[in-house]
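J.: Sharing a structure here in structure tokens format.
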Amino acid sequence: MRFIHCADIHLDSPLRGLEVYAGAPANEMRRATRRAFARLVDLALERSVDFVLIAGDIFDGDWPDFNTGLYFASQLRRLTDADIRVFLTYGNHDALSKLTKSVPLPQKVYSFPAKTPATQIIESLGVAIHGQSFATEAVSSDLAATYPTALAGLLNIGVLHTALSGREGHQPYAPTTADRLTDKGYDYWALGHVHKREIVRDSPWIVFPGNTQGRHARETGAKGCMVVDAEAGVGIQSVEFVPTDLARWQHLLIDISGLSSEDDLHAAVQSEVRNAQAAADDRILALRLTLAGRGSLHHAIVSHREAIRAQLAASIGEASSGNAWLEKIRIQVTAPLDLPRLKERDDPIGLLIRSISALEEDPKALNALAASVLGDLGQKIPPELRASDSIWALDSTTALAEALASAKERLLAAIAAEDDE
């Protein structure tokens with residue numbers, strides 16, 4: 001038999017804030033979750049799979065209108081018309097309590113109940129599929145504990161939305177352990193909830209496929225599903241990741257140490273963009289660019305941030321024929337100065353550099369300073385600019401450290417410019 005395991009489709013996820021990024025293909029990105037699911041259906045048809053497993057978070061909660069549900073049903077109908085069955089669970093984002101709208105799904109689509117685990121047996125394939133949906137968003141109990149033990153003589157698959165014993169960036173819903181899953185005696189655990197692809201174990205197979213489409217800059221790299229070949233009485237024969245994403249988020253690092261001019265910088269960025277585009281099979285790329293290293297371009301980069309950003313955005317567009325855009329630029333370059341000597345200066349510059357260094361070494365002091373100096377400003381900033389990766393996240397230790405580093409490099413750039421004079 002052959003089946004597809006996917007999860008975390010987040011159909012019609014809003015992808016908020018695209019308008020603030022100059023050059024972003026907002027319309028294409030908004031359709032990306034739909035296109036990714038359509039590609040998954042295409043893959044199922046091309047590979048002639050027997051069934052598809054969806055391990056939760058198909059939606060982002062209730063829908064603004066019925067179009068999301070109708071689109072999902074239409075794609076499922078493509079599968080069932082080809083005699084491909086679908087088995088799905090609902091997770092924390094689309095728990096049954098959050099779905100007030102409903103669209104009839106095709107007859108060969110089975111939704112696992114939320115009250116107790118259920119088992120579906122496909123006798124012609126010799127497979128038993130066990131699963132349970134979330135009844136509410138925040139499930140704190142170990143759902144896997146009540147899953148039945150493996151049925152003898154069949155290939156046993158568990159479908160579960162869970163964070164296992166915890167995964168960074170994800171709520172600890174339906175907590176359980178890999179050992180608990182292993183003890184059930186199943187051949188394959190089709191998990192969902194964690195957006196980063198992970199093979200937890202391969203004996204038995206315990207797999208997070210990741211989401212089908214990255215939705216922001218923290219969901220980098222290829223996104224897709226798992227195609228699994230198996231045989232009753234034999235077990236799992238192969239597990240293959242296949243990308244389905246339309247657009248891809250990626251981080252690029254450029255070291256300025258060996259660059260002597262802005263032309264060299266643009267050439268280095270364009271070379272990295274072309275490599276990234278080739279590796280992504282010419283998908284749309286949303287790039288977070290980090291400039292780092294110690295070199296002579298420090299002053300030009302730090303003193304003219306907005307101009308450099310605009311120029312690099314244009315270079316990225318040119319190198320990719322418009323298929324890549326600059327989501328964000330991080331400047332972490334270091335001035336070619338003798339910092340220890342500057343710290344020893346008995347003047348305001350020395351005092352300022354020593355003060356900055358002290359704050360770098362004491363995050364609590366930095367947080368306290370930000371709270372006292374920037375507290376009122378933080379209340380006036382719109383909520384959408386207080387995201388965790390925003391420089392305006394005044395309660396974020398990481399963002400404050402970045403802001404301090406930026407201020408330090410601006411100071412060093414000014415010092416370097418005076419020394420050149």
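By order in the structure tokens, chains are A, B, ...; within a chain, residues start at 1; ligands start at 1, following the order shown.
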For segment 59-66 of chain A, list every protein, DNA or RNA residue within 10 Å, evaluated using only C-alpha atoms, and leave out those in the same chain fewer than 3 positions away; present the list as a list in words.
T.: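 So, after excluding close chain neighbours, the residues are Asp8, Ile9, His10, Leu11, Asp12, Ser13, Pro14, Gly56, Gly69, Leu70, Tyr71, Phe72, Tyr90, Gly91, Asn92, His93, Asp94, Ala95, Leu96, Ser97, Lys98, Leu99, Thr100, Lys101, Ser102, Val103 and Glu137 of chain A.
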J.: For the residues selected in the previous step, produce a file with N, CA and C atoms as a PDB file, in the first residue's frame.
T.:
ATOM      1  N   ASP A   8      -1.086  20.199   9.421  1.00  0.00           N
ATOM      2  CA  ASP A   8      -0.869  21.648   9.557  1.00  0.00           C
ATOM      3  C   ASP A   8      -0.942  22.377   8.217  1.00  0.00           C
ATOM      4  N   ILE A   9      -2.044  22.172   7.550  1.00  0.00           N
ATOM      5  CA  ILE A   9      -2.281  22.822   6.253  1.00  0.00           C
ATOM      6  C   ILE A   9      -2.610  24.295   6.450  1.00  0.00           C
ATOM      7  N   HIS A  10      -3.332  24.612   7.507  1.00  0.00           N
ATOM      8  CA  HIS A  10      -3.717  25.993   7.837  1.00  0.00           C
ATOM      9  C   HIS A  10      -4.282  26.713   6.603  1.00  0.00           C
ATOM     10  N   LEU A  11      -5.268  26.094   6.023  1.00  0.00           N
ATOM     11  CA  LEU A  11      -5.848  26.579   4.774  1.00  0.00           C
ATOM     12  C   LEU A  11      -6.361  28.012   4.924  1.00  0.00           C
ATOM     13  N   ASP A  12      -5.952  28.861   3.995  1.00  0.00           N
ATOM     14  CA  ASP A  12      -6.312  30.282   3.981  1.00  0.00           C
ATOM     15  C   ASP A  12      -5.807  31.028   5.209  1.00  0.00           C
ATOM     16  N   SER A  13      -4.708  30.561   5.755  1.00  0.00           N
ATOM     17  CA  SER A  13      -4.059  31.300   6.841  1.00  0.00           C
ATOM     18  C   SER A  13      -3.807  32.720   6.383  1.00  0.00           C
ATOM     19  N   PRO A  14      -4.073  33.727   7.224  1.00  0.00           N
ATOM     20  CA  PRO A  14      -4.096  35.118   6.743  1.00  0.00           C
ATOM     21  C   PRO A  14      -2.762  35.682   6.297  1.00  0.00           C
ATOM     22  N   GLY A  56      -4.419  16.949  11.630  1.00  0.00           N
ATOM     23  CA  GLY A  56      -4.863  18.140  12.345  1.00  0.00           C
ATOM     24  C   GLY A  56      -4.424  19.471  11.795  1.00  0.00           C
ATOM     25  N   GLY A  69     -14.037  26.275   3.369  1.00  0.00           N
ATOM     26  CA  GLY A  69     -14.566  24.924   3.474  1.00  0.00           C
ATOM     27  C   GLY A  69     -14.926  24.320   2.133  1.00  0.00           C
ATOM     28  N   LEU A  70     -15.498  25.133   1.260  1.00  0.00           N
ATOM     29  CA  LEU A  70     -15.858  24.642  -0.072  1.00  0.00           C
ATOM     30  C   LEU A  70     -14.623  24.248  -0.871  1.00  0.00           C
ATOM     31  N   TYR A  71     -13.544  25.055  -0.727  1.00  0.00           N
ATOM     32  CA  TYR A  71     -12.305  24.723  -1.445  1.00  0.00           C
ATOM     33  C   TYR A  71     -11.739  23.402  -0.929  1.00  0.00           C
ATOM     34  N   PHE A  72     -11.727  23.228   0.381  1.00  0.00           N
ATOM     35  CA  PHE A  72     -11.216  21.987   0.956  1.00  0.00           C
ATOM     36  C   PHE A  72     -12.028  20.788   0.467  1.00  0.00           C
ATOM     37  N   TYR A  90      -8.871  16.635  13.742  1.00  0.00           N
ATOM     38  CA  TYR A  90      -8.820  18.075  13.969  1.00  0.00           C
ATOM     39  C   TYR A  90      -7.894  18.343  15.151  1.00  0.00           C
ATOM     40  N   GLY A  91      -7.121  19.443  15.061  1.00  0.00           N
ATOM     41  CA  GLY A  91      -6.156  19.770  16.096  1.00  0.00           C
ATOM     42  C   GLY A  91      -6.560  21.003  16.880  1.00  0.00           C
ATOM     43  N   ASN A  92      -5.583  21.680  17.468  1.00  0.00           N
ATOM     44  CA  ASN A  92      -5.900  22.823  18.335  1.00  0.00           C
ATOM     45  C   ASN A  92      -6.454  24.010  17.551  1.00  0.00           C
ATOM     46  N   HIS A  93      -5.987  24.227  16.312  1.00  0.00           N
ATOM     47  CA  HIS A  93      -6.469  25.372  15.547  1.00  0.00           C
ATOM     48  C   HIS A  93      -7.857  25.140  14.953  1.00  0.00           C
ATOM     49  N   ASP A  94      -8.208  23.895  14.721  1.00  0.00           N
ATOM     50  CA  ASP A  94      -9.530  23.619  14.136  1.00  0.00           C
ATOM     51  C   ASP A  94     -10.304  22.603  14.975  1.00  0.00           C
ATOM     52  N   ALA A  95     -10.128  22.688  16.288  1.00  0.00           N
ATOM     53  CA  ALA A  95     -10.876  21.808  17.190  1.00  0.00           C
ATOM     54  C   ALA A  95     -12.366  21.920  16.908  1.00  0.00           C
ATOM     55  N   LEU A  96     -13.093  20.854  17.210  1.00  0.00           N
ATOM     56  CA  LEU A  96     -14.518  20.826  16.876  1.00  0.00           C
ATOM     57  C   LEU A  96     -15.272  21.990  17.513  1.00  0.00           C
ATOM     58  N   SER A  97     -14.809  22.457  18.680  1.00  0.00           N
ATOM     59  CA  SER A  97     -15.491  23.568  19.344  1.00  0.00           C
ATOM     60  C   SER A  97     -15.290  24.891  18.608  1.00  0.00           C
ATOM     61  N   LYS A  98     -14.293  24.952  17.713  1.00  0.00           N
ATOM     62  CA  LYS A  98     -14.001  26.198  17.017  1.00  0.00           C
ATOM     63  C   LYS A  98     -14.657  26.264  15.641  1.00  0.00           C
ATOM     64  N   LEU A  99     -15.145  25.126  15.152  1.00  0.00           N
ATOM     65  CA  LEU A  99     -15.734  25.080  13.817  1.00  0.00           C
ATOM     66  C   LEU A  99     -17.249  25.213  13.916  1.00  0.00           C
ATOM     67  N   THR A 100     -17.754  26.428  13.720  1.00  0.00           N
ATOM     68  CA  THR A 100     -19.199  26.639  13.773  1.00  0.00           C
ATOM     69  C   THR A 100     -19.835  26.481  12.401  1.00  0.00           C
ATOM     70  N   LYS A 101     -19.035  26.648  11.357  1.00  0.00           N
ATOM     71  CA  LYS A 101     -19.532  26.421  10.000  1.00  0.00           C
ATOM     72  C   LYS A 101     -19.185  24.997   9.588  1.00  0.00           C
ATOM     73  N   SER A 102     -19.929  24.465   8.660  1.00  0.00           N
ATOM     74  CA  SER A 102     -19.637  23.121   8.181  1.00  0.00           C
ATOM     75  C   SER A 102     -20.012  22.999   6.718  1.00  0.00           C
ATOM     76  N   VAL A 103     -19.234  22.200   6.022  1.00  0.00           N
ATOM     77  CA  VAL A 103     -19.490  21.888   4.627  1.00  0.00           C
ATOM     78  C   VAL A 103     -19.460  20.361   4.512  1.00  0.00           C
ATOM     79  N   GLU A 137      -9.691  23.561  21.988  1.00  0.00           N
ATOM     80  CA  GLU A 137      -8.365  24.028  21.542  1.00  0.00           C
ATOM     81  C   GLU A 137      -7.245  23.539  22.438  1.00  0.00           C
TER      82      GLU A 137
END
J.: Work out how far apart atom CA of Pro209 of chain A and atom CA of Trp249 of chain A are and give it in Å to one decimal.
T.: 17.1 Å
J.: Excluding segment 340-356 of chain A and any residue of its chain fewer than 4 positions from it, enumerate the residues within 12 Å of it, using only C-alpha atoms, and give them as a VMD selection string.
T.: chain A and resid 335 to 336 360 to 363 365 to 366 369 401 403 to 412 414 to 416
J.: So which one's closest to Ala38 of chain A, A:Arg78, A:Arg294, A:His216, A:Arg248? Using only C-alpha atoms, please.
T.: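 For Ala38 of chain A, the nearest of the candidates is A:Arg78.
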J.: If you count only C-alpha atoms, which residues fall within 6 Å of Val227 of chain A, apart from same-chain ones fewer than 5 positions away, as a ChimeraX atom specification?
T.: /A:3-4,239-240
J.: By how many Å are atom CA of Asp229 of chain A and atom CA of Asp142 of chain A apart?
T.: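 Here the two named atoms are 28.6 Å from each other.
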J.: Nearest to Gln132 of chain A among A:Ser357, A:Gln120, A:Thr334, A:Thr89, with distances taken over only C-alpha atoms: which residue is it?
T.: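 Closest candidate: A:Thr89.
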J.: Need the shell around Leu143 of chain A: protein/DNA/RNA residues with any atom at most 9 Å away, counting only C-alpha atoms. Skip same-chain ones fewer than 5 positions apart. Format as a list in words?
T.: Thr116, Pro117, Gln132, Leu160, Thr162, Ala174, Pro175 and Thr176 of chain A
J.: Write out as a ChimeraX atom specification which residues come within 8 Å of Ile256 of chain A when counting only C-alpha atoms, dropping same-chain ones fewer than 6 positions away.
T.: /A:265,291-295,297,333
J.: Write a file of the just-selected residues containing all heavy atoms, as a PDB file, in the first residue's frame.
T.:
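Output file result.pdb is given in full below:
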ATOM      1  N   LEU A 265      29.539  43.680  -2.424  1.00  0.00           N
ATOM      2  CA  LEU A 265      28.430  43.252  -1.583  1.00  0.00           C
ATOM      3  C   LEU A 265      27.246  42.815  -2.427  1.00  0.00           C
ATOM      4  O   LEU A 265      26.666  41.746  -2.193  1.00  0.00           O
ATOM      5  CB  LEU A 265      28.030  44.391  -0.647  1.00  0.00           C
ATOM      6  CG  LEU A 265      26.768  44.170   0.197  1.00  0.00           C
ATOM      7  CD1 LEU A 265      26.954  42.988   1.141  1.00  0.00           C
ATOM      8  CD2 LEU A 265      26.405  45.433   0.979  1.00  0.00           C
ATOM      9  N   LEU A 291      23.687  40.580   7.301  1.00  0.00           N
ATOM     10  CA  LEU A 291      25.030  41.034   6.969  1.00  0.00           C
ATOM     11  C   LEU A 291      25.860  40.973   8.239  1.00  0.00           C
ATOM     12  O   LEU A 291      25.516  41.590   9.251  1.00  0.00           O
ATOM     13  CB  LEU A 291      25.007  42.465   6.426  1.00  0.00           C
ATOM     14  CG  LEU A 291      24.106  42.717   5.205  1.00  0.00           C
ATOM     15  CD1 LEU A 291      24.207  44.175   4.768  1.00  0.00           C
ATOM     16  CD2 LEU A 291      24.470  41.786   4.055  1.00  0.00           C
ATOM     17  N   ALA A 292      26.946  40.219   8.205  1.00  0.00           N
ATOM     18  CA  ALA A 292      27.760  40.025   9.393  1.00  0.00           C
ATOM     19  C   ALA A 292      29.236  40.118   9.022  1.00  0.00           C
ATOM     20  O   ALA A 292      29.602  40.276   7.852  1.00  0.00           O
ATOM     21  CB  ALA A 292      27.447  38.677  10.035  1.00  0.00           C
ATOM     22  N   GLY A 293      30.075  40.036  10.034  1.00  0.00           N
ATOM     23  CA  GLY A 293      31.511  40.066   9.803  1.00  0.00           C
ATOM     24  C   GLY A 293      32.128  41.430  10.077  1.00  0.00           C
ATOM     25  O   GLY A 293      31.435  42.431  10.280  1.00  0.00           O
ATOM     26  N   ARG A 294      33.428  41.487  10.055  1.00  0.00           N
ATOM     27  CA  ARG A 294      34.205  42.685  10.363  1.00  0.00           C
ATOM     28  C   ARG A 294      34.919  43.135   9.098  1.00  0.00           C
ATOM     29  O   ARG A 294      35.676  42.368   8.497  1.00  0.00           O
ATOM     30  CB  ARG A 294      35.218  42.348  11.464  1.00  0.00           C
ATOM     31  CG  ARG A 294      36.155  43.467  11.880  1.00  0.00           C
ATOM     32  CD  ARG A 294      37.199  42.887  12.837  1.00  0.00           C
ATOM     33  NE  ARG A 294      38.151  43.902  13.287  1.00  0.00           N
ATOM     34  CZ  ARG A 294      38.052  44.565  14.424  1.00  0.00           C
ATOM     35  NH1 ARG A 294      37.042  44.313  15.245  1.00  0.00           N
ATOM     36  NH2 ARG A 294      38.964  45.456  14.767  1.00  0.00           N
ATOM     37  N   GLY A 295      34.659  44.368   8.658  1.00  0.00           N
ATOM     38  CA  GLY A 295      35.310  44.806   7.432  1.00  0.00           C
ATOM     39  C   GLY A 295      35.112  46.272   7.123  1.00  0.00           C
ATOM     40  O   GLY A 295      34.404  46.998   7.836  1.00  0.00           O
ATOM     41  N   LEU A 297      33.422  47.740   4.907  1.00  0.00           N
ATOM     42  CA  LEU A 297      32.088  48.189   4.494  1.00  0.00           C
ATOM     43  C   LEU A 297      31.199  48.548   5.687  1.00  0.00           C
ATOM     44  O   LEU A 297      30.066  48.991   5.499  1.00  0.00           O
ATOM     45  CB  LEU A 297      31.398  47.100   3.666  1.00  0.00           C
ATOM     46  CG  LEU A 297      31.859  46.941   2.213  1.00  0.00           C
ATOM     47  CD1 LEU A 297      31.146  45.776   1.569  1.00  0.00           C
ATOM     48  CD2 LEU A 297      31.613  48.208   1.437  1.00  0.00           C
ATOM     49  N   VAL A 333      27.171  43.607  11.411  1.00  0.00           N
ATOM     50  CA  VAL A 333      28.565  43.818  11.039  1.00  0.00           C
ATOM     51  C   VAL A 333      29.325  44.469  12.195  1.00  0.00           C
ATOM     52  O   VAL A 333      28.730  45.100  13.082  1.00  0.00           O
ATOM     53  CB  VAL A 333      28.670  44.694   9.777  1.00  0.00           C
ATOM     54  CG1 VAL A 333      28.080  43.961   8.581  1.00  0.00           C
ATOM     55  CG2 VAL A 333      27.960  46.031   9.974  1.00  0.00           C
TER      56      VAL A 333
END
J.: So that I can check the secondary structure, give me every residue of segment 274-359 of chain A assigned strand (DSSP E or B) by backbone DSSP, as a list in words.
T.: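 Put together, the selection reads Ile284, Leu285, Ala286, Leu287, Arg288, Leu289, Thr290, Leu291, Ala292, Gly293, Arg294, Ala324, Trp325, Leu326, Glu327, Lys328, Ile329, Arg330, Ile331, Gln332, Val333 and Thr334 of chain A.
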